[in-house]
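Visitor: Structure supplied as start_39.csv; contents: CSV, C-alpha atoms.
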chain,number,residue,atom,x,y,z
A,1,MET,CA,-29.1,10.3,17.0
A,2,THR,CA,-27.5,10.3,20.4
A,3,MET,CA,-23.9,10.0,21.5
A,4,THR,CA,-22.5,7.5,23.8
A,5,ASP,CA,-20.5,8.4,27.0
A,6,ASN,CA,-16.8,8.4,26.7
A,7,ASP,CA,-16.4,5.5,29.1
A,8,SER,CA,-17.3,2.8,26.6
A,9,SER,CA,-15.1,-0.3,27.2
A,10,HIS,CA,-14.0,-0.4,23.6
A,11,ALA,CA,-13.2,2.6,21.4
A,12,VAL,CA,-14.9,2.0,18.0
A,13,TRP,CA,-13.4,3.1,14.7
A,14,GLN,CA,-14.6,2.9,11.2
A,15,ILE,CA,-12.1,2.3,8.4
A,16,SER,CA,-12.7,2.3,4.7
A,17,GLY,CA,-12.2,-0.8,2.6
A,18,GLY,CA,-11.7,1.4,-0.5
A,19,PRO,CA,-14.0,2.6,-3.3
A,20,ALA,CA,-16.0,0.0,-5.2
A,21,SER,CA,-13.8,0.5,-8.3
A,22,ARG,CA,-10.5,-0.4,-6.4
A,23,ALA,CA,-11.6,-1.9,-3.2
A,24,TYR,CA,-9.0,-3.5,-0.8
A,25,ALA,CA,-11.2,-4.9,2.0
A,26,GLU,CA,-10.2,-8.5,1.0
A,27,VAL,CA,-6.6,-7.6,1.6
A,28,PHE,CA,-7.5,-6.5,5.2
A,29,LEU,CA,-9.2,-9.8,5.8
A,30,ARG,CA,-6.7,-12.1,4.1
A,31,HIS,CA,-3.7,-10.6,6.0
A,32,GLY,CA,-5.2,-9.6,9.3
A,33,VAL,CA,-4.5,-5.9,8.9
A,34,ALA,CA,-6.1,-2.5,8.7
A,35,LEU,CA,-4.3,-0.2,6.3
A,36,ILE,CA,-4.3,3.5,5.5
A,37,GLY,CA,-2.5,5.9,3.2
A,38,PRO,CA,-0.8,7.8,2.0
A,39,GLY,CA,2.2,5.7,2.8
A,40,ASP,CA,4.8,6.8,0.3
A,41,ALA,CA,5.9,9.6,2.6
A,42,GLY,CA,7.5,7.0,4.9
A,43,PRO,CA,6.7,5.8,8.5
A,44,TRP,CA,4.9,8.1,10.8
A,45,ASN,CA,6.5,9.3,14.1
A,46,PRO,CA,5.5,12.0,16.5
A,47,GLU,CA,8.0,14.5,15.1
A,48,ARG,CA,6.5,14.4,11.7
A,49,ASP,CA,3.9,17.0,10.6
A,50,ASP,CA,0.3,16.2,9.5
A,51,ASP,CA,0.9,18.0,6.2
A,52,GLU,CA,3.4,15.3,5.2
A,53,PHE,CA,0.5,12.8,5.3
A,54,GLU,CA,-2.2,15.0,3.7
A,55,GLY,CA,-3.9,15.6,7.1
A,56,SER,CA,-4.3,14.0,10.5
A,57,PHE,CA,-5.7,10.6,9.5
A,58,VAL,CA,-2.3,8.8,9.6
A,59,ARG,CA,-1.4,10.4,12.9
A,60,ARG,CA,-4.6,9.4,14.6
A,61,PHE,CA,-4.5,5.9,13.1
A,62,ALA,CA,-0.9,5.4,14.4
A,63,SER,CA,-1.2,7.1,17.8
A,64,GLU,CA,-4.8,7.2,18.9
A,65,VAL,CA,-6.0,3.7,18.0
A,66,ASN,CA,-5.1,1.3,20.8
A,67,ALA,CA,-4.8,-2.5,21.0
A,68,GLY,CA,-8.3,-3.8,22.0
A,69,ASP,CA,-10.1,-1.1,20.1
A,70,VAL,CA,-12.8,-2.1,17.6
A,71,PHE,CA,-12.5,-1.6,13.8
A,72,LEU,CA,-15.6,-1.7,11.6
A,73,LEU,CA,-14.6,-2.5,8.0
A,74,ARG,CA,-16.7,0.0,6.0
A,75,THR,CA,-17.7,-0.9,2.4
A,76,GLY,CA,-20.2,1.8,1.8
A,77,LEU,CA,-21.7,5.0,3.3
A,78,ALA,CA,-23.4,3.0,6.1
A,79,THR,CA,-22.5,-0.6,5.5
A,80,ILE,CA,-19.8,-2.8,7.0
A,81,ALA,CA,-18.4,-6.2,5.9
A,82,ALA,CA,-16.4,-7.2,9.0
A,83,ILE,CA,-15.7,-6.3,12.6
A,84,GLY,CA,-12.3,-6.6,14.1
A,85,LEU,CA,-10.2,-6.2,17.3
A,86,VAL,CA,-6.9,-4.3,17.0
A,87,ALA,CA,-4.1,-6.7,18.0
A,88,GLY,CA,-1.0,-4.6,18.0
A,89,ASP,CA,0.8,-1.3,17.7
A,90,TYR,CA,1.3,0.8,14.6
A,91,LEU,CA,3.5,-0.7,11.9
A,92,TYR,CA,4.9,0.5,8.6
A,93,VAL,CA,4.8,-2.4,6.1
A,94,ASN,CA,6.5,-1.8,2.7
A,95,ALA,CA,4.8,-4.9,1.3
A,96,PHE,CA,1.6,-2.9,1.1
A,97,ASP,CA,3.1,-0.1,-1.1
A,98,ASP,CA,0.8,-1.0,-4.0
A,99,VAL,CA,-2.7,-2.4,-3.0
A,100,ASN,CA,-4.8,-2.0,-6.1
A,101,GLY,CA,-2.9,1.1,-6.9
A,102,TRP,CA,-3.0,2.6,-3.4
A,103,ASP,CA,0.0,3.2,-1.2
A,104,LEU,CA,-1.2,1.8,2.2
A,105,GLN,CA,2.0,1.0,4.2
A,106,HIS,CA,0.6,2.4,7.5
A,107,ALA,CA,-0.8,-0.8,9.2
A,108,ARG,CA,-2.3,-2.2,12.4
A,109,ARG,CA,-2.7,-5.9,13.0
A,110,VAL,CA,-6.4,-6.9,13.4
A,111,CYS,CA,-8.3,-10.0,14.3
A,112,TRP,CA,-11.2,-9.8,11.8
A,113,PHE,CA,-14.5,-11.5,11.7
A,114,ARG,CA,-16.2,-11.4,8.3
A,115,LEU,CA,-19.9,-10.9,8.6
A,116,PRO,CA,-22.1,-13.5,6.8
A,117,ALA,CA,-23.6,-10.6,4.9
A,118,GLU,CA,-22.9,-6.9,4.9
A,119,HIS,CA,-24.6,-5.1,7.7
A,120,ALA,CA,-26.4,-1.8,6.8
A,121,PHE,CA,-27.1,0.7,9.5
A,122,GLY,CA,-30.4,2.6,9.1
A,123,SER,CA,-28.9,6.0,8.5
A,124,ALA,CA,-25.6,7.7,7.5
A,125,VAL,CA,-24.0,6.9,10.9
A,126,PHE,CA,-20.5,7.5,9.5
A,127,GLY,CA,-21.4,10.9,8.0
A,128,ALA,CA,-22.5,12.0,4.6
A,129,ASN,CA,-19.0,11.7,3.3
A,130,PRO,CA,-17.1,9.3,5.6
A,131,PRO,CA,-13.4,9.8,6.0
A,132,ARG,CA,-10.9,7.0,5.4
A,133,CYS,CA,-10.7,6.3,9.2
A,134,SER,CA,-12.5,8.0,12.2
A,135,ARG,CA,-13.7,7.3,15.7
A,136,VAL,CA,-17.4,6.5,16.0
A,137,TRP,CA,-19.4,7.9,18.8
A,138,ILE,CA,-23.0,7.1,17.5
A,139,GLU,CA,-24.8,5.0,20.1
A,140,GLU,CA,-26.4,2.7,17.5
A,141,VAL,CA,-23.0,1.8,16.1
A,142,VAL,CA,-21.1,1.4,19.4
A,143,ASP,CA,-23.9,-0.7,20.9
A,144,PHE,CA,-23.9,-2.9,17.8
A,145,ALA,CA,-20.1,-3.4,18.2
A,146,GLU,CA,-20.3,-4.1,22.0
A,147,ARG,CA,-23.2,-6.6,21.6
A,148,PHE,CA,-21.4,-8.4,18.7
A,149,LEU,CA,-18.2,-8.8,20.7
A,150,LYS,CA,-20.1,-10.5,23.6
A,151,SER,CA,-22.0,-12.8,21.3
A,152,PRO,CA,-20.8,-16.3,20.2
A,153,PRO,CA,-18.7,-17.2,18.4
A,154,THR,CA,-15.9,-15.4,20.1
A,155,HIS,CA,-12.9,-17.6,19.2
A,156,TRP,CA,-11.9,-15.3,16.4
A,157,GLN,CA,-11.0,-12.6,18.9
A,158,THR,CA,-7.9,-14.5,20.0
A,159,ALA,CA,-7.2,-16.6,16.9
A,160,PRO,CA,-3.6,-16.5,15.5
A,161,LEU,CA,-3.0,-13.7,13.0
A,162,PRO,CA,-2.2,-14.7,9.4
A,163,ASP,CA,1.3,-14.0,8.2
A,164,LEU,CA,2.1,-10.6,6.6
A,165,PRO,CA,3.1,-10.8,2.9
A,166,ALA,CA,6.8,-11.1,2.2
A,167,GLU,CA,8.4,-7.9,1.0
A,168,GLN,CA,10.0,-8.2,-2.4
A,169,PRO,CA,13.8,-8.3,-2.0
A,170,PRO,CA,15.8,-5.4,-3.5
A,171,LEU,CA,17.5,-6.0,-6.8
A,172,ASP,CA,21.2,-6.7,-6.5
A,173,GLN,CA,21.7,-4.9,-9.8
A,174,ILE,CA,19.6,-2.4,-11.7
A,175,PRO,CA,18.5,-3.8,-15.1
A,176,GLY,CA,20.3,-1.9,-17.9
A,177,ALA,CA,17.0,-0.7,-19.4
A,178,LEU,CA,16.1,1.0,-16.1
A,179,GLU,CA,19.4,2.6,-15.2
A,180,GLY,CA,18.6,6.0,-16.9
A,181,ILE,CA,15.1,6.1,-15.2
A,182,VAL,CA,16.6,5.3,-11.8
A,183,ALA,CA,19.2,8.1,-12.2
A,184,GLN,CA,16.5,10.5,-13.3
A,185,ALA,CA,14.4,9.7,-10.3
A,186,ALA,CA,17.4,10.1,-8.0
A,187,ASP,CA,18.0,13.5,-9.4
A,188,LEU,CA,14.4,14.6,-9.3
A,189,VAL,CA,13.3,13.5,-5.9
A,190,PRO,CA,15.5,15.9,-3.9
A,191,LEU,CA,14.2,18.8,-6.1
A,192,LEU,CA,10.6,17.8,-5.5
A,193,GLN,CA,11.2,17.7,-1.7
A,194,ASP,CA,12.7,21.2,-1.8
A,195,VAL,CA,9.9,23.4,-0.4
A,196,GLN,CA,11.8,26.6,-1.2
A,197,THR,CA,12.1,25.6,-4.9
A,198,PHE,CA,8.6,24.1,-5.5
A,199,GLY,CA,6.5,25.7,-2.7
A,200,GLU,CA,4.3,22.6,-2.2
A,201,HIS,CA,4.4,18.9,-2.7
A,202,PRO,CA,3.9,17.8,-6.3
A,203,SER,CA,0.5,16.5,-7.4
A,204,GLU,CA,-0.2,12.8,-8.0
A,205,ASP,CA,-0.6,13.6,-11.7
A,206,GLU,CA,2.8,15.2,-11.8
A,207,LEU,CA,4.4,12.2,-10.1
A,208,ILE,CA,2.7,9.9,-12.7
A,209,ALA,CA,4.1,12.0,-15.5
A,210,HIS,CA,7.7,12.1,-14.2
A,211,PHE,CA,8.0,8.6,-12.7
A,212,VAL,CA,5.3,6.1,-13.7
A,213,VAL,CA,5.0,6.7,-17.4
A,214,PRO,CA,8.8,6.9,-18.0
A,215,PHE,CA,9.2,3.7,-16.0
A,216,LEU,CA,6.6,1.9,-18.1
A,217,ARG,CA,8.2,3.1,-21.3
A,218,ALA,CA,11.6,1.9,-20.1
A,219,LEU,CA,10.0,-1.5,-19.5
A,220,GLY,CA,8.9,-1.6,-23.2
A,221,TRP,CA,5.3,-0.5,-23.0
A,222,PRO,CA,4.4,1.5,-26.2
A,223,PRO,CA,2.6,4.8,-25.6
A,224,GLU,CA,-0.7,3.7,-27.2
A,225,ARG,CA,-1.0,0.9,-24.6
A,226,ILE,CA,-0.5,3.2,-21.6
A,227,ALA,CA,-3.5,5.2,-20.4
A,228,VAL,CA,-3.5,7.9,-17.7
A,229,GLN,CA,-6.8,8.5,-15.8
A,230,TRP,CA,-8.6,5.9,-17.9
A,231,ARG,CA,-12.0,5.2,-16.4
A,232,ARG,CA,-10.8,6.8,-13.1
A,233,ILE,CA,-7.8,4.5,-12.9
A,234,ASP,CA,-4.6,6.5,-12.4
A,235,VAL,CA,-2.5,4.5,-14.9
A,236,ALA,CA,-3.7,1.5,-16.9
A,237,VAL,CA,-1.8,-0.7,-19.4
A,238,PHE,CA,-3.3,-2.9,-22.1
A,239,ARG,CA,-2.0,-6.1,-23.6
A,240,ALA,CA,-3.4,-5.1,-27.0
A,241,LEU,CA,-5.6,-2.6,-28.8
A,242,PRO,CA,-8.4,-1.7,-28.8
A,243,ARG,CA,-8.3,-0.6,-25.2
A,244,THR,CA,-10.8,-2.8,-23.3
A,245,PRO,CA,-11.2,-3.7,-19.6
Can I see the file as structure tokens?

Guide:
Amino acid sequence: MTMTDNDSSHAVWQISGGPASRAYAEVFLRHGVALIGPGDAGPWNPERDDDEFEGSFVRRFASEVNAGDVFLLRTGLATIAAIGLVAGDYLYVNAFDDVNGWDLQHARRVCWFRLPAEHAFGSAVFGANPPRCSRVWIEEVVDFAERFLKSPPTHWQTAPLPDLPAEQPPLDQIPGALEGIVAQAADLVPLLQDVQTFGEHPSEDELIAHFVVPFLRALGWPPERIAVQWRRIDVAVFRALPRTP
């Protein structure tokens, strides 16, 4: 495979639509966005370190992707479901704090065109283990994107963007059943952020144990209907036993 020159008129990026078990590509298309995580660390800015976002993906997504660049919505190792044009600057959107269990608050507005059928490239053009988002330099892919943008229909490239989902308003008053959990979280969060005390950020499993499970218990879920890492799902709850999908 050959590389294209750096003077392509559009920078082309691939972005993951999530794993098959918890995909979120439909959210991208419905709301006119491209999303990436982890988002719970808060908005990105140039003063923040890559370690706060588990690597450089968020920084590159926020600072290197430009309006007019092309996003390919990847749904497999070498398949895409849509092609889009970036339509705005980096945003941090709290409404996407739980997308099928993912915290994806880092956002870019995108004019998407859903392909009639998924397009499969002939080889692993995005790599053997594609990252969540990356610049694509492979000539086959860049040429596909450029030809697609020049082919009718093209009205989607300037179509109005759909509205972003409304953020849930904050509660005026904490429900009584949750007051203890809220106080516990308020005490624990500063400790977890204290690098001198803990040495490193807590794992996802630790956060589930300290925050999610106690929260569900406070809401009234019994232990037997709360599962952790059930069929590769971080936390699952069941209306009744036996536990079934």

Visitor: Which polymer residues have any atom within 9 Å of an atom of segment 230-244 of chain A, counting all atoms listed in the file, with same-chain residues fewer than 4 positions away left out, as an MDAnalysis selection string?

Guide: chainID A and resid 21:22 101 204:205 208 212:213 216 221 224:226

Visitor: Write out as a PyMOL selection string the residues lying within 6 Å of segment 10-12 of chain A, counting only C-alpha atoms and excluding same-chain residues fewer than 4 positions away.

Guide: chain A and resi 69-70+135-136

Visitor: Limited to C-alpha atoms, could you put the picked residues into a file as a PDB file, in the frame of the given file?

Guide:
ATOM      1  CA  ASP A  69     -10.100  -1.100  20.100  1.00  0.00           C
ATOM      2  CA  VAL A  70     -12.800  -2.100  17.600  1.00  0.00           C
ATOM      3  CA  ARG A 135     -13.700   7.300  15.700  1.00  0.00           C
ATOM      4  CA  VAL A 136     -17.400   6.500  16.000  1.00  0.00           C
TER       5      VAL A 136
END

Visitor: Between atom CA of Glu200 of chain A and atom CA of Pro130 of chain A, what is the spacing in Å?

Guide: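 Distance reported for this atom pair: 26.4 Å.
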
Visitor: Quick one: of A:Val125, A:Phe96, A:Leu73, A:Ala41, who's nearest to Leu164 of chain A, counting only C-alpha atoms?

Guide: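 Of the candidates, the smallest distance to Leu164 of chain A is held by A:Phe96.
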
Visitor: If you measure from atom CA of Asn94 of chain A to atom CA of Pro43 of chain A, what distance in Å do you get, rounded to one decimal?

Guide: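 Computing the Euclidean distance for atom CA of Asn94 of chain A and atom CA of Pro43 of chain A yields 9.6 Å.
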
Visitor: Which residues come within 9 Å of Ala62 of chain A, counting all atoms listed in the file, excluding same-chain residues fewer than 3 positions away, as a list of chain:residue names?

Guide: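 Answer for this query is A:Trp44, A:Asn45, A:Phe57, A:Val58, A:Arg59, A:Val65, A:Asn66, A:Asp89, A:Tyr90, A:Leu91, A:His106, A:Ala107, A:Arg108.
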
Visitor: What is the distance, in Å and to one decimal place, between atom CA of Phe28 of chain A and atom CA of Ala95 of chain A?

Guide: 13.0 Å

Visitor: Please provide the set of residues having any atom within 9 Å of Leu77 of chain A, restricted to all atoms listed in the file, with same-chain residues fewer than 2 positions apart removed, written as a count of residues only.

Guide: 13
